[in-house]
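K.L.:
Hey, dropping query_36.cif in here, mmCIF, C-alpha atoms:
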```cif
data_coords
loop_
_atom_site.group_PDB
_atom_site.id
_atom_site.type_symbol
_atom_site.label_atom_id
_atom_site.label_comp_id
_atom_site.auth_asym_id
_atom_site.auth_seq_id
_atom_site.Cartn_x
_atom_site.Cartn_y
_atom_site.Cartn_z
ATOM 1 C CA MET A 1 -15.292 -13.855 -2.302
ATOM 2 C CA SER A 2 -15.208 -14.600 1.430
ATOM 3 C CA GLU A 3 -17.169 -12.821 4.139
ATOM 4 C CA TRP A 4 -13.970 -11.114 5.305
ATOM 5 C CA GLN A 5 -13.241 -9.685 1.842
ATOM 6 C CA ARG A 6 -16.778 -8.329 1.536
ATOM 7 C CA LYS A 7 -16.552 -6.189 4.685
ATOM 8 C CA SER A 8 -16.647 -2.406 4.315
ATOM 9 C CA PRO A 9 -13.730 -0.126 5.265
ATOM 10 C CA LEU A 10 -15.664 1.051 8.318
ATOM 11 C CA GLU A 11 -16.085 -2.521 9.524
ATOM 12 C CA TRP A 12 -12.370 -3.213 8.989
ATOM 13 C CA GLN A 13 -11.493 -0.080 10.920
ATOM 14 C CA THR A 14 -13.085 -1.531 14.054
ATOM 15 C CA TYR A 15 -10.221 -4.079 14.155
ATOM 16 C CA VAL A 16 -7.398 -1.534 13.851
ATOM 17 C CA ASN A 17 -5.108 -1.191 16.917
ATOM 18 C CA LYS A 18 -6.636 -4.277 18.541
ATOM 19 C CA GLU A 19 -4.983 -7.575 19.351
ATOM 20 C CA VAL A 20 -6.513 -10.363 17.306
ATOM 21 C CA LYS A 21 -6.245 -14.026 16.472
ATOM 22 C CA VAL A 22 -6.553 -14.788 12.764
ATOM 23 C CA THR A 23 -7.433 -18.230 11.489
ATOM 24 C CA ALA A 24 -6.296 -18.685 7.901
ATOM 25 C CA ALA A 25 -6.355 -21.339 5.202
ATOM 26 C CA GLU A 26 -4.695 -24.719 5.876
ATOM 27 C CA LYS A 27 -5.131 -24.297 9.652
ATOM 28 C CA HIS A 28 -2.577 -21.516 9.992
ATOM 29 C CA GLU A 29 -3.071 -19.262 12.993
ATOM 30 C CA TYR A 30 -1.624 -15.827 13.643
ATOM 31 C CA GLU A 31 -1.755 -13.470 16.594
ATOM 32 C CA GLY A 32 -0.772 -9.838 16.810
ATOM 33 C CA TRP A 33 -1.874 -6.219 16.806
ATOM 34 C CA VAL A 34 -3.777 -5.069 13.731
ATOM 35 C CA LEU A 35 -1.866 -2.268 12.022
ATOM 36 C CA THR A 36 -4.246 -2.051 9.099
ATOM 37 C CA ILE A 37 -6.361 -3.975 6.635
ATOM 38 C CA ASP A 38 -5.745 -3.151 2.989
ATOM 39 C CA PRO A 39 -9.121 -2.015 1.630
ATOM 40 C CA VAL A 40 -8.280 -3.326 -1.865
ATOM 41 C CA SER A 41 -7.049 -6.849 -1.087
ATOM 42 C CA ALA A 42 -8.425 -7.251 2.478
ATOM 43 C CA ASN A 43 -4.899 -8.284 3.590
ATOM 44 C CA VAL A 44 -4.497 -8.099 7.377
ATOM 45 C CA VAL A 45 -1.261 -6.583 8.680
ATOM 46 C CA LEU A 46 -0.394 -7.908 12.148
ATOM 47 C CA VAL A 47 2.425 -6.544 14.266
ATOM 48 C CA LYS A 48 4.154 -8.231 17.191
ATOM 49 C CA LEU A 49 6.068 -5.903 19.479
ATOM 50 C CA THR A 50 8.680 -7.673 21.581
ATOM 51 C CA GLU A 51 10.299 -6.509 24.816
ATOM 52 C CA ASP A 52 13.710 -5.957 23.234
ATOM 53 C CA GLY A 53 12.279 -3.498 20.702
ATOM 54 C CA LYS A 54 12.090 -5.905 17.782
ATOM 55 C CA VAL A 55 9.079 -5.694 15.520
ATOM 56 C CA CYS A 56 7.739 -8.699 13.660
ATOM 57 C CA VAL A 57 5.185 -8.077 10.934
ATOM 58 C CA SER A 58 2.916 -10.803 9.535
ATOM 59 C CA VAL A 59 0.486 -10.187 6.741
ATOM 60 C CA ILE A 60 -2.325 -12.616 6.028
ATOM 61 C CA LEU A 61 -3.705 -12.358 2.508
ATOM 62 C CA GLY A 62 -7.375 -11.387 2.429
ATOM 63 C CA HIS A 63 -8.444 -14.408 0.389
ATOM 64 C CA ALA A 64 -6.888 -16.788 2.959
ATOM 65 C CA VAL A 65 -8.519 -15.218 6.040
ATOM 66 C CA GLN A 66 -11.196 -17.437 7.560
ATOM 67 C CA GLU A 67 -11.855 -15.896 10.946
ATOM 68 C CA VAL A 68 -10.675 -12.874 12.913
ATOM 69 C CA GLU A 69 -11.256 -12.845 16.654
ATOM 70 C CA ILE A 70 -10.505 -9.868 18.888
ATOM 71 C CA VAL A 71 -8.610 -10.947 22.022
ATOM 72 C CA ASN A 72 -7.600 -7.549 23.427
ATOM 73 C CA GLU A 73 -9.198 -4.153 22.888
ATOM 74 C CA GLY A 74 -5.824 -2.419 23.073
ATOM 75 C CA ASP A 75 -4.402 0.557 24.905
ATOM 76 C CA ASP A 76 -3.191 4.038 24.027
ATOM 77 C CA GLU A 77 0.497 3.145 24.300
ATOM 78 C CA THR A 78 0.292 0.397 21.682
ATOM 79 C CA LYS A 79 -1.921 2.570 19.493
ATOM 80 C CA GLU A 80 0.749 5.255 19.591
ATOM 81 C CA ARG A 81 3.550 2.795 18.704
ATOM 82 C CA LEU A 82 1.559 1.374 15.819
ATOM 83 C CA ALA A 83 0.748 4.837 14.473
ATOM 84 C CA HIS A 84 4.441 5.697 14.166
ATOM 85 C CA LEU A 85 5.706 2.348 12.925
ATOM 86 C CA PHE A 86 5.937 2.943 9.175
ATOM 87 C CA MET A 87 5.368 6.687 9.116
ATOM 88 C CA PRO A 88 8.184 8.850 7.825
ATOM 89 C CA GLU A 89 10.452 10.365 10.470
ATOM 90 C CA GLU A 90 8.849 13.267 12.262
ATOM 91 C CA SER A 91 10.006 16.363 10.463
ATOM 92 C CA ARG A 92 11.296 19.190 12.560
ATOM 93 C CA ALA A 93 8.815 21.843 13.509
ATOM 94 C CA TYR A 94 8.746 24.874 11.250
ATOM 95 C CA GLY A 95 7.635 28.316 12.327
ATOM 96 C CA HIS A 96 4.728 29.977 10.591
ATOM 97 C CA GLU A 97 6.946 32.453 8.756
ATOM 98 C CA GLU A 98 9.395 29.785 7.659
ATOM 99 C CA LEU A 99 6.569 27.689 6.235
ATOM 100 C CA GLU A 100 5.235 30.712 4.367
ATOM 101 C CA LYS A 101 8.723 31.296 2.921
ATOM 102 C CA ARG A 102 9.104 27.660 1.880
ATOM 103 C CA LYS A 103 5.694 27.723 0.270
ATOM 104 C CA SER A 104 6.253 30.861 -1.784
ATOM 105 C CA SER A 105 9.731 29.817 -2.900
ATOM 106 C CA LEU A 106 8.413 26.422 -4.010
ATOM 107 C CA LYS A 107 5.503 28.088 -5.775
ATOM 108 C CA THR A 108 7.864 30.367 -7.690
ATOM 109 C CA TRP A 109 10.100 27.414 -8.563
ATOM 110 C CA LEU A 110 7.169 25.374 -9.919
ATOM 111 C CA GLU A 111 5.929 28.360 -11.893
ATOM 112 C CA THR A 112 9.347 28.894 -13.488
ATOM 113 C CA ASN A 113 9.089 25.260 -14.562
ATOM 114 C CA HIS A 114 5.745 26.049 -16.244
ATOM 115 C CA ILE A 115 3.698 24.076 -13.755
ATOM 116 C CA PRO A 116 0.351 25.627 -12.814
ATOM 117 C CA VAL A 117 0.036 26.035 -9.033
ATOM 118 C CA THR A 118 -2.829 27.289 -6.907
ATOM 119 C CA GLU A 119 -3.249 27.655 -3.162
ATOM 120 C CA GLN A 120 -6.136 25.989 -1.399
ATOM 121 C CA GLY A 121 -7.468 24.671 1.874
ATOM 122 C CA GLU A 122 -7.519 26.151 5.333
ATOM 123 C CA SER A 123 -5.668 29.520 5.211
ATOM 124 C CA GLN A 124 -4.292 28.618 1.748
ATOM 125 C CA ARG A 125 -1.601 26.369 3.206
ATOM 126 C CA THR A 126 -1.904 23.579 0.641
ATOM 127 C CA LEU A 127 -0.420 23.970 -2.819
ATOM 128 C CA CYS A 128 -2.355 22.360 -5.620
ATOM 129 C CA VAL A 129 -0.714 21.446 -8.921
ATOM 130 C CA ALA A 130 -2.948 21.317 -11.996
ATOM 131 C CA GLY A 131 -5.843 20.161 -9.813
ATOM 132 C CA VAL A 132 -4.429 16.638 -9.497
ATOM 133 C CA LEU A 133 -1.655 16.886 -6.902
ATOM 134 C CA THR A 134 -1.460 18.556 -3.512
ATOM 135 C CA ILE A 135 1.581 19.575 -1.489
ATOM 136 C CA ASP A 136 1.099 20.048 2.246
ATOM 137 C CA PRO A 137 3.450 21.804 4.675
ATOM 138 C CA PRO A 138 6.431 21.575 5.081
ATOM 139 C CA TYR A 139 6.414 21.232 1.265
ATOM 140 C CA GLY A 140 9.029 18.490 0.828
ATOM 141 C CA PRO A 141 8.951 15.646 -1.744
ATOM 142 C CA GLU A 142 7.294 13.397 0.864
ATOM 143 C CA ASP A 143 4.438 15.850 1.345
ATOM 144 C CA CYS A 144 3.011 15.390 -2.154
ATOM 145 C CA SER A 145 -0.207 13.446 -2.656
ATOM 146 C CA SER A 146 -1.601 12.380 -6.003
ATOM 147 C CA SER A 147 -3.334 9.406 -7.548
ATOM 148 C CA ASN A 148 -1.384 9.993 -10.767
ATOM 149 C CA GLU A 149 2.017 8.410 -10.189
ATOM 150 C CA ILE A 150 3.606 9.960 -13.277
ATOM 151 C CA ILE A 151 2.774 13.499 -12.188
ATOM 152 C CA LEU A 152 3.689 12.577 -8.606
ATOM 153 C CA SER A 153 7.187 11.398 -9.472
ATOM 154 C CA ARG A 154 7.746 14.339 -11.832
ATOM 155 C CA VAL A 155 6.786 16.933 -9.218
ATOM 156 C CA GLN A 156 8.672 15.109 -6.451
ATOM 157 C CA SER A 157 11.857 15.212 -8.492
ATOM 158 C CA LEU A 158 11.293 18.906 -9.226
ATOM 159 C CA ILE A 159 10.983 19.612 -5.504
ATOM 160 C CA GLN A 160 14.092 17.523 -4.889
ATOM 161 C CA GLY A 161 15.926 19.648 -7.444
ATOM 162 C CA HIS A 162 14.606 22.799 -5.837
ATOM 163 C CA LEU A 163 15.803 21.747 -2.369
ATOM 164 C CA ALA A 164 19.194 20.695 -3.763
ATOM 165 C CA SER A 165 19.668 24.046 -5.489
ATOM 166 C CA GLN A 166 19.070 25.997 -2.287
ATOM 167 C CA MET B 1 18.875 -17.873 -50.715
ATOM 168 C CA LYS B 2 16.232 -15.960 -48.817
ATOM 169 C CA VAL B 3 16.877 -15.260 -45.158
ATOM 170 C CA PRO B 4 13.873 -15.896 -42.917
ATOM 171 C CA VAL B 5 12.668 -12.824 -41.128
ATOM 172 C CA SER B 6 11.686 -13.116 -37.489
ATOM 173 C CA VAL B 7 8.204 -11.881 -36.721
ATOM 174 C CA THR B 8 7.524 -10.015 -33.547
ATOM 175 C CA ARG B 9 3.894 -10.246 -32.603
ATOM 176 C CA LEU B 10 2.003 -8.953 -29.619
ATOM 177 C CA PRO B 11 0.422 -11.649 -27.473
ATOM 178 C CA ARG B 12 -3.250 -12.326 -27.999
ATOM 179 C CA GLY B 13 -5.836 -10.713 -25.774
ATOM 180 C CA PRO B 14 -7.321 -12.689 -22.894
ATOM 181 C CA ASP B 15 -10.245 -14.009 -24.959
ATOM 182 C CA GLY B 16 -7.927 -15.528 -27.566
ATOM 183 C CA THR B 17 -9.402 -13.865 -30.634
ATOM 184 C CA SER B 18 -8.835 -10.148 -30.139
ATOM 185 C CA ARG B 19 -6.899 -7.680 -28.056
ATOM 186 C CA GLY B 20 -9.928 -6.671 -26.034
ATOM 187 C CA PHE B 21 -10.325 -7.591 -22.410
ATOM 188 C CA ASP B 22 -12.436 -10.519 -21.442
ATOM 189 C CA PRO B 23 -14.719 -9.554 -18.553
ATOM 190 C CA ASN B 24 -14.599 -13.157 -17.345
ATOM 191 C CA SER B 25 -10.811 -13.246 -16.928
ATOM 192 C CA PRO B 26 -9.564 -13.475 -13.319
ATOM 193 C CA ARG B 27 -7.555 -10.298 -13.736
ATOM 194 C CA TYR B 28 -10.525 -8.290 -14.971
ATOM 195 C CA GLN B 29 -12.674 -9.593 -12.129
ATOM 196 C CA ALA B 30 -10.034 -8.796 -9.531
ATOM 197 C CA LEU B 31 -9.760 -5.255 -10.867
ATOM 198 C CA SER B 32 -13.418 -4.552 -11.517
ATOM 199 C CA PRO B 33 -15.145 -1.904 -9.420
ATOM 200 C CA ILE B 34 -17.531 -4.458 -7.887
ATOM 201 C CA SER B 35 -14.568 -5.989 -6.060
ATOM 202 C CA ILE B 36 -14.353 -2.797 -3.990
ATOM 203 C CA SER B 37 -17.459 -2.732 -1.882
ATOM 204 C CA THR B 38 -19.205 0.416 -0.772
ATOM 205 C CA VAL B 39 -22.068 0.941 1.639
ATOM 206 C CA GLY B 40 -22.280 4.678 1.341
ATOM 207 C CA CYS B 41 -24.126 4.954 -1.958
ATOM 208 C CA GLY B 42 -26.645 7.753 -1.895
ATOM 209 C CA ASN B 43 -25.732 9.292 1.434
ATOM 210 C CA GLU B 44 -22.892 11.739 0.977
ATOM 211 C CA ALA B 45 -21.825 11.940 4.637
ATOM 212 C CA ASP B 46 -21.585 8.137 4.860
ATOM 213 C CA LEU B 47 -19.668 7.981 1.613
ATOM 214 C CA GLU B 48 -17.161 10.528 2.847
ATOM 215 C CA ARG B 49 -16.687 8.724 6.172
ATOM 216 C CA GLU B 50 -16.109 5.513 4.281
ATOM 217 C CA GLN B 51 -13.628 7.140 1.918
ATOM 218 C CA GLN B 52 -11.679 8.585 4.823
ATOM 219 C CA GLY B 53 -11.603 5.181 6.464
ATOM 220 C CA ARG B 54 -10.403 3.613 3.242
ATOM 221 C CA VAL B 55 -7.678 6.246 2.834
ATOM 222 C CA ALA B 56 -6.374 5.721 6.383
ATOM 223 C CA LEU B 57 -6.285 1.936 5.963
ATOM 224 C CA ARG B 58 -4.724 2.082 2.501
ATOM 225 C CA GLU B 59 -2.014 4.563 3.467
ATOM 226 C CA ARG B 60 -0.859 2.346 6.322
ATOM 227 C CA TYR B 61 -0.823 -0.651 3.996
ATOM 228 C CA LEU B 62 1.155 1.111 1.267
ATOM 229 C CA ARG B 63 3.686 2.298 3.840
ATOM 230 C CA SER B 64 4.065 -1.254 5.113
ATOM 231 C CA LEU B 65 4.822 -2.383 1.534
ATOM 232 C CA PHE B 66 7.338 0.424 1.249
ATOM 233 C CA ALA B 67 9.059 -0.767 4.437
ATOM 234 C CA MET B 68 9.428 -4.262 2.928
ATOM 235 C CA VAL B 69 11.578 -3.177 -0.015
ATOM 236 C CA GLY B 70 15.021 -4.800 0.135
ATOM 237 C CA ARG B 71 14.187 -6.920 3.170
ATOM 238 C CA THR B 72 14.015 -10.691 3.349
ATOM 239 C CA ILE B 73 10.397 -11.759 3.388
ATOM 240 C CA HIS B 74 9.235 -15.253 4.334
ATOM 241 C CA PHE B 75 6.238 -16.438 2.362
ATOM 242 C CA THR B 76 3.868 -19.179 3.476
ATOM 243 C CA MET B 77 2.126 -20.522 0.397
ATOM 244 C CA TYR B 78 -0.546 -23.144 -0.175
ATOM 245 C CA GLU B 79 0.338 -26.857 0.031
ATOM 246 C CA ARG B 80 2.873 -26.227 2.805
ATOM 247 C CA VAL B 81 5.350 -24.446 0.545
ATOM 248 C CA ASN B 82 7.651 -22.036 2.374
ATOM 249 C CA VAL B 83 9.953 -19.730 0.430
ATOM 250 C CA SER B 84 11.860 -16.559 1.165
ATOM 251 C CA ALA B 85 13.043 -13.722 -1.042
ATOM 252 C CA PHE B 86 13.996 -10.061 -1.184
ATOM 253 C CA PHE B 87 10.941 -7.940 -1.825
ATOM 254 C CA ASP B 88 11.101 -5.489 -4.728
ATOM 255 C CA ALA B 89 7.645 -4.332 -5.732
ATOM 256 C CA SER B 90 3.941 -5.006 -5.903
ATOM 257 C CA ASP B 91 1.253 -3.960 -8.369
ATOM 258 C CA ILE B 92 -1.346 -1.540 -7.046
ATOM 259 C CA ASP B 93 -4.038 -4.198 -6.950
ATOM 260 C CA ILE B 94 -1.868 -6.512 -4.800
ATOM 261 C CA LEU B 95 -2.188 -9.335 -7.320
ATOM 262 C CA ASN B 96 1.552 -9.998 -7.804
ATOM 263 C CA PHE B 97 4.765 -9.415 -5.872
ATOM 264 C CA GLN B 98 8.043 -8.983 -7.681
ATOM 265 C CA VAL B 99 10.896 -10.511 -5.657
ATOM 266 C CA SER B 100 14.555 -11.345 -6.170
ATOM 267 C CA ASP B 101 16.780 -14.198 -4.958
ATOM 268 C CA LEU B 102 13.782 -16.424 -4.350
ATOM 269 C CA GLN B 103 14.941 -19.381 -2.258
ATOM 270 C CA THR B 104 12.914 -22.432 -3.234
ATOM 271 C CA PRO B 105 13.380 -26.154 -2.523
ATOM 272 C CA LEU B 106 14.536 -26.500 -6.158
ATOM 273 C CA GLY B 107 17.082 -23.711 -6.075
ATOM 274 C CA VAL B 108 17.413 -19.962 -6.163
ATOM 275 C CA HIS B 109 15.576 -17.852 -8.736
ATOM 276 C CA ARG B 110 17.271 -14.573 -9.505
ATOM 277 C CA GLU B 111 14.005 -12.736 -10.231
ATOM 278 C CA ALA B 112 10.451 -13.955 -9.797
ATOM 279 C CA LEU B 113 6.829 -12.907 -9.690
ATOM 280 C CA LEU B 114 4.693 -14.431 -6.944
ATOM 281 C CA ARG B 115 0.960 -14.551 -7.491
ATOM 282 C CA CYS B 116 -0.726 -13.264 -4.362
ATOM 283 C CA SER B 117 -3.518 -15.776 -4.837
ATOM 284 C CA ASP B 118 -0.947 -18.528 -4.089
ATOM 285 C CA ILE B 119 0.226 -16.917 -0.845
ATOM 286 C CA ILE B 120 -1.404 -17.455 2.549
ATOM 287 C CA SER B 121 0.798 -15.077 4.501
ATOM 288 C CA TYR B 122 4.159 -13.321 4.550
ATOM 289 C CA THR B 123 6.354 -12.282 7.460
ATOM 290 C CA PHE B 124 9.300 -9.959 8.003
ATOM 291 C CA GLU B 125 11.205 -8.333 10.843
ATOM 292 C CA LEU B 126 12.062 -4.682 11.282
#
```
Here is the file; what I need is its structure written in the form of structure tokens.
P.N.:
Amino acid sequence: MSEWQRKSPLEWQTYVNKEVKVTAAEKHEYEGWVLTIDPVSANVVLVKLTEDGKVCVSVILGHAVQEVEIVNEGDDETKERLAHLFMPEESRAYGHEELEKRKSSLKTWLETNHIPVTEQGESQRTLCVAGVLTIDPPYGPEDCSSSNEIILSRVQSLIQGHLASQ
Amino acid sequence: MKVPVSVTRLPRGPDGTSRGFDPNSPRYQALSPISISTVGCGNEADLEREQQGRVALRERYLRSLFAMVGRTIHFTMYERVNVSAFFDASDIDILNFQVSDLQTPLGVHREALLRCSDIISYTFEL
């Protein structure tokens, strides 16, 4: 395992949002802004933002990375663009009451489907399903988090069904 | 006359004699917990900081994989091999990519699995 692959997530994070030059196997060289480094494979995701709005993404596999050199510390504007690149579309803002309504109607729906739900977190705004899946506001299918993909897809399709039936 | 019966048999396990997993196989080693390093053992605050860092990095990476689905991806592989294909899926350990319409110097493969250990880099446009 190379030195790059052995780095810790905190060390990798120091490269995020910075412009770097990566030297890889067989004398390949890549330049771009670091979007992220996959903590499992150590793959480096580089983004090139062009003037005409095009985005070119290059990923160098962790095992092929030989050297990473920071050439530019970065600025807030680029950081902002990178943060929104692959994130889902900003959902519209919901009022407090509307969120409360969405939450309770989803909770009832899950309970009628015999799925155990509890409320947790700051002011009980997160729904928790069977202790293994959480649903954050605004409680859509994209707001579910779980490390169990079977439960995740099951609950996501239930929420989809719930939204479709409304 | 007796008709021969076809026998369906599961493939042998990685060590050739049983269905157990051989701890020396490349797959086992790539998946073993020691391949994911941690510095925060013992200190809970450090461990949590590290986990949060790992989550932030991993989420961005998974979303970048998600954005690749259905796009043409150009792969640079070892020995100066360049191929392109439509990306379909990856396993969670990023050991293999499943692609379709793989354009190779020898022709087009309808469906293919690329071993990530053979790839140096891949590129796509948004």
K.L.:
What does the PyMOL selection byres ((chain B and resi 79-85) around 12) select in this file, as a VMD selection string?
P.N.:
(chain A and resid 25 to 28) or (chain B and resid 68 to 78 86 to 89 97 to 114 118 to 124)
K.L.:
Output the residue selection produced by the PyMOL selection byres ((chain B) within 9 of (chain A)) on the file above, formatted as a PDB file with C-alpha atoms, in the frame of the given file.
P.N.:
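The file below, result-v2.pdb, is the result:
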```
ATOM      1  CA  SER B  35     -14.568  -5.989  -6.060  1.00  0.00           C
ATOM      2  CA  ILE B  36     -14.353  -2.797  -3.990  1.00  0.00           C
ATOM      3  CA  SER B  37     -17.459  -2.732  -1.882  1.00  0.00           C
ATOM      4  CA  THR B  38     -19.205   0.416  -0.772  1.00  0.00           C
ATOM      5  CA  VAL B  39     -22.068   0.941   1.639  1.00  0.00           C
ATOM      6  CA  ARG B  49     -16.687   8.724   6.172  1.00  0.00           C
ATOM      7  CA  GLU B  50     -16.109   5.513   4.281  1.00  0.00           C
ATOM      8  CA  GLN B  51     -13.628   7.140   1.918  1.00  0.00           C
ATOM      9  CA  GLN B  52     -11.679   8.585   4.823  1.00  0.00           C
ATOM     10  CA  GLY B  53     -11.603   5.181   6.464  1.00  0.00           C
ATOM     11  CA  ARG B  54     -10.403   3.613   3.242  1.00  0.00           C
ATOM     12  CA  VAL B  55      -7.678   6.246   2.834  1.00  0.00           C
ATOM     13  CA  ALA B  56      -6.374   5.721   6.383  1.00  0.00           C
ATOM     14  CA  LEU B  57      -6.285   1.936   5.963  1.00  0.00           C
ATOM     15  CA  ARG B  58      -4.724   2.082   2.501  1.00  0.00           C
ATOM     16  CA  GLU B  59      -2.014   4.563   3.467  1.00  0.00           C
ATOM     17  CA  ARG B  60      -0.859   2.346   6.322  1.00  0.00           C
ATOM     18  CA  TYR B  61      -0.823  -0.651   3.996  1.00  0.00           C
ATOM     19  CA  LEU B  62       1.155   1.111   1.267  1.00  0.00           C
ATOM     20  CA  ARG B  63       3.686   2.298   3.840  1.00  0.00           C
ATOM     21  CA  SER B  64       4.065  -1.254   5.113  1.00  0.00           C
ATOM     22  CA  PHE B  66       7.338   0.424   1.249  1.00  0.00           C
ATOM     23  CA  ALA B  67       9.059  -0.767   4.437  1.00  0.00           C
ATOM     24  CA  TYR B  78      -0.546 -23.144  -0.175  1.00  0.00           C
ATOM     25  CA  GLU B  79       0.338 -26.857   0.031  1.00  0.00           C
ATOM     26  CA  ARG B  80       2.873 -26.227   2.805  1.00  0.00           C
ATOM     27  CA  ILE B  92      -1.346  -1.540  -7.046  1.00  0.00           C
ATOM     28  CA  ASP B  93      -4.038  -4.198  -6.950  1.00  0.00           C
ATOM     29  CA  ILE B  94      -1.868  -6.512  -4.800  1.00  0.00           C
ATOM     30  CA  LEU B  95      -2.188  -9.335  -7.320  1.00  0.00           C
ATOM     31  CA  CYS B 116      -0.726 -13.264  -4.362  1.00  0.00           C
ATOM     32  CA  SER B 117      -3.518 -15.776  -4.837  1.00  0.00           C
ATOM     33  CA  ILE B 119       0.226 -16.917  -0.845  1.00  0.00           C
ATOM     34  CA  ILE B 120      -1.404 -17.455   2.549  1.00  0.00           C
ATOM     35  CA  SER B 121       0.798 -15.077   4.501  1.00  0.00           C
ATOM     36  CA  TYR B 122       4.159 -13.321   4.550  1.00  0.00           C
ATOM     37  CA  THR B 123       6.354 -12.282   7.460  1.00  0.00           C
ATOM     38  CA  PHE B 124       9.300  -9.959   8.003  1.00  0.00           C
ATOM     39  CA  GLU B 125      11.205  -8.333  10.843  1.00  0.00           C
ATOM     40  CA  LEU B 126      12.062  -4.682  11.282  1.00  0.00           C
TER      41      LEU B 126
END
```
K.L.:
Any idea what the distance is between CA of Gln156 (chain A) and CA of Lys101 (chain A)?
P.N.:
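Rounded to one decimal, the two atoms are 18.7 Å apart.
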K.L.:
For the structure provided, state which residues fall under the PyMOL selection byres ((chain A and resi 139) around 10), and present them as a short mmCIF file (atom, residue, chain, number, x, y, z; two decimals) with C-alpha atoms, keeping the file's coordinate frame.
P.N.:
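Ended up saving to expr.cif:
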```
data_model
loop_
_atom_site.label_atom_id
_atom_site.label_comp_id
_atom_site.auth_asym_id
_atom_site.auth_seq_id
_atom_site.Cartn_x
_atom_site.Cartn_y
_atom_site.Cartn_z
CA LEU A 99 6.57 27.69 6.24
CA ARG A 102 9.10 27.66 1.88
CA LYS A 103 5.69 27.72 0.27
CA LEU A 106 8.41 26.42 -4.01
CA LYS A 107 5.50 28.09 -5.78
CA ARG A 125 -1.60 26.37 3.21
CA THR A 126 -1.90 23.58 0.64
CA LEU A 127 -0.42 23.97 -2.82
CA THR A 134 -1.46 18.56 -3.51
CA ILE A 135 1.58 19.58 -1.49
CA ASP A 136 1.10 20.05 2.25
CA PRO A 137 3.45 21.80 4.68
CA PRO A 138 6.43 21.58 5.08
CA GLY A 140 9.03 18.49 0.83
CA PRO A 141 8.95 15.65 -1.74
CA GLU A 142 7.29 13.40 0.86
CA ASP A 143 4.44 15.85 1.34
CA CYS A 144 3.01 15.39 -2.15
CA ILE A 159 10.98 19.61 -5.50
#
```
K.L.:
Between CA of Glu100 (chain A) and CA of Ile150 (chain A), what is the distance, to one decimal in Å?
P.N.:
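Spanning CA of Glu100 (chain A) to CA of Ile150 (chain A) is a straight-line distance of 27.3 Å.
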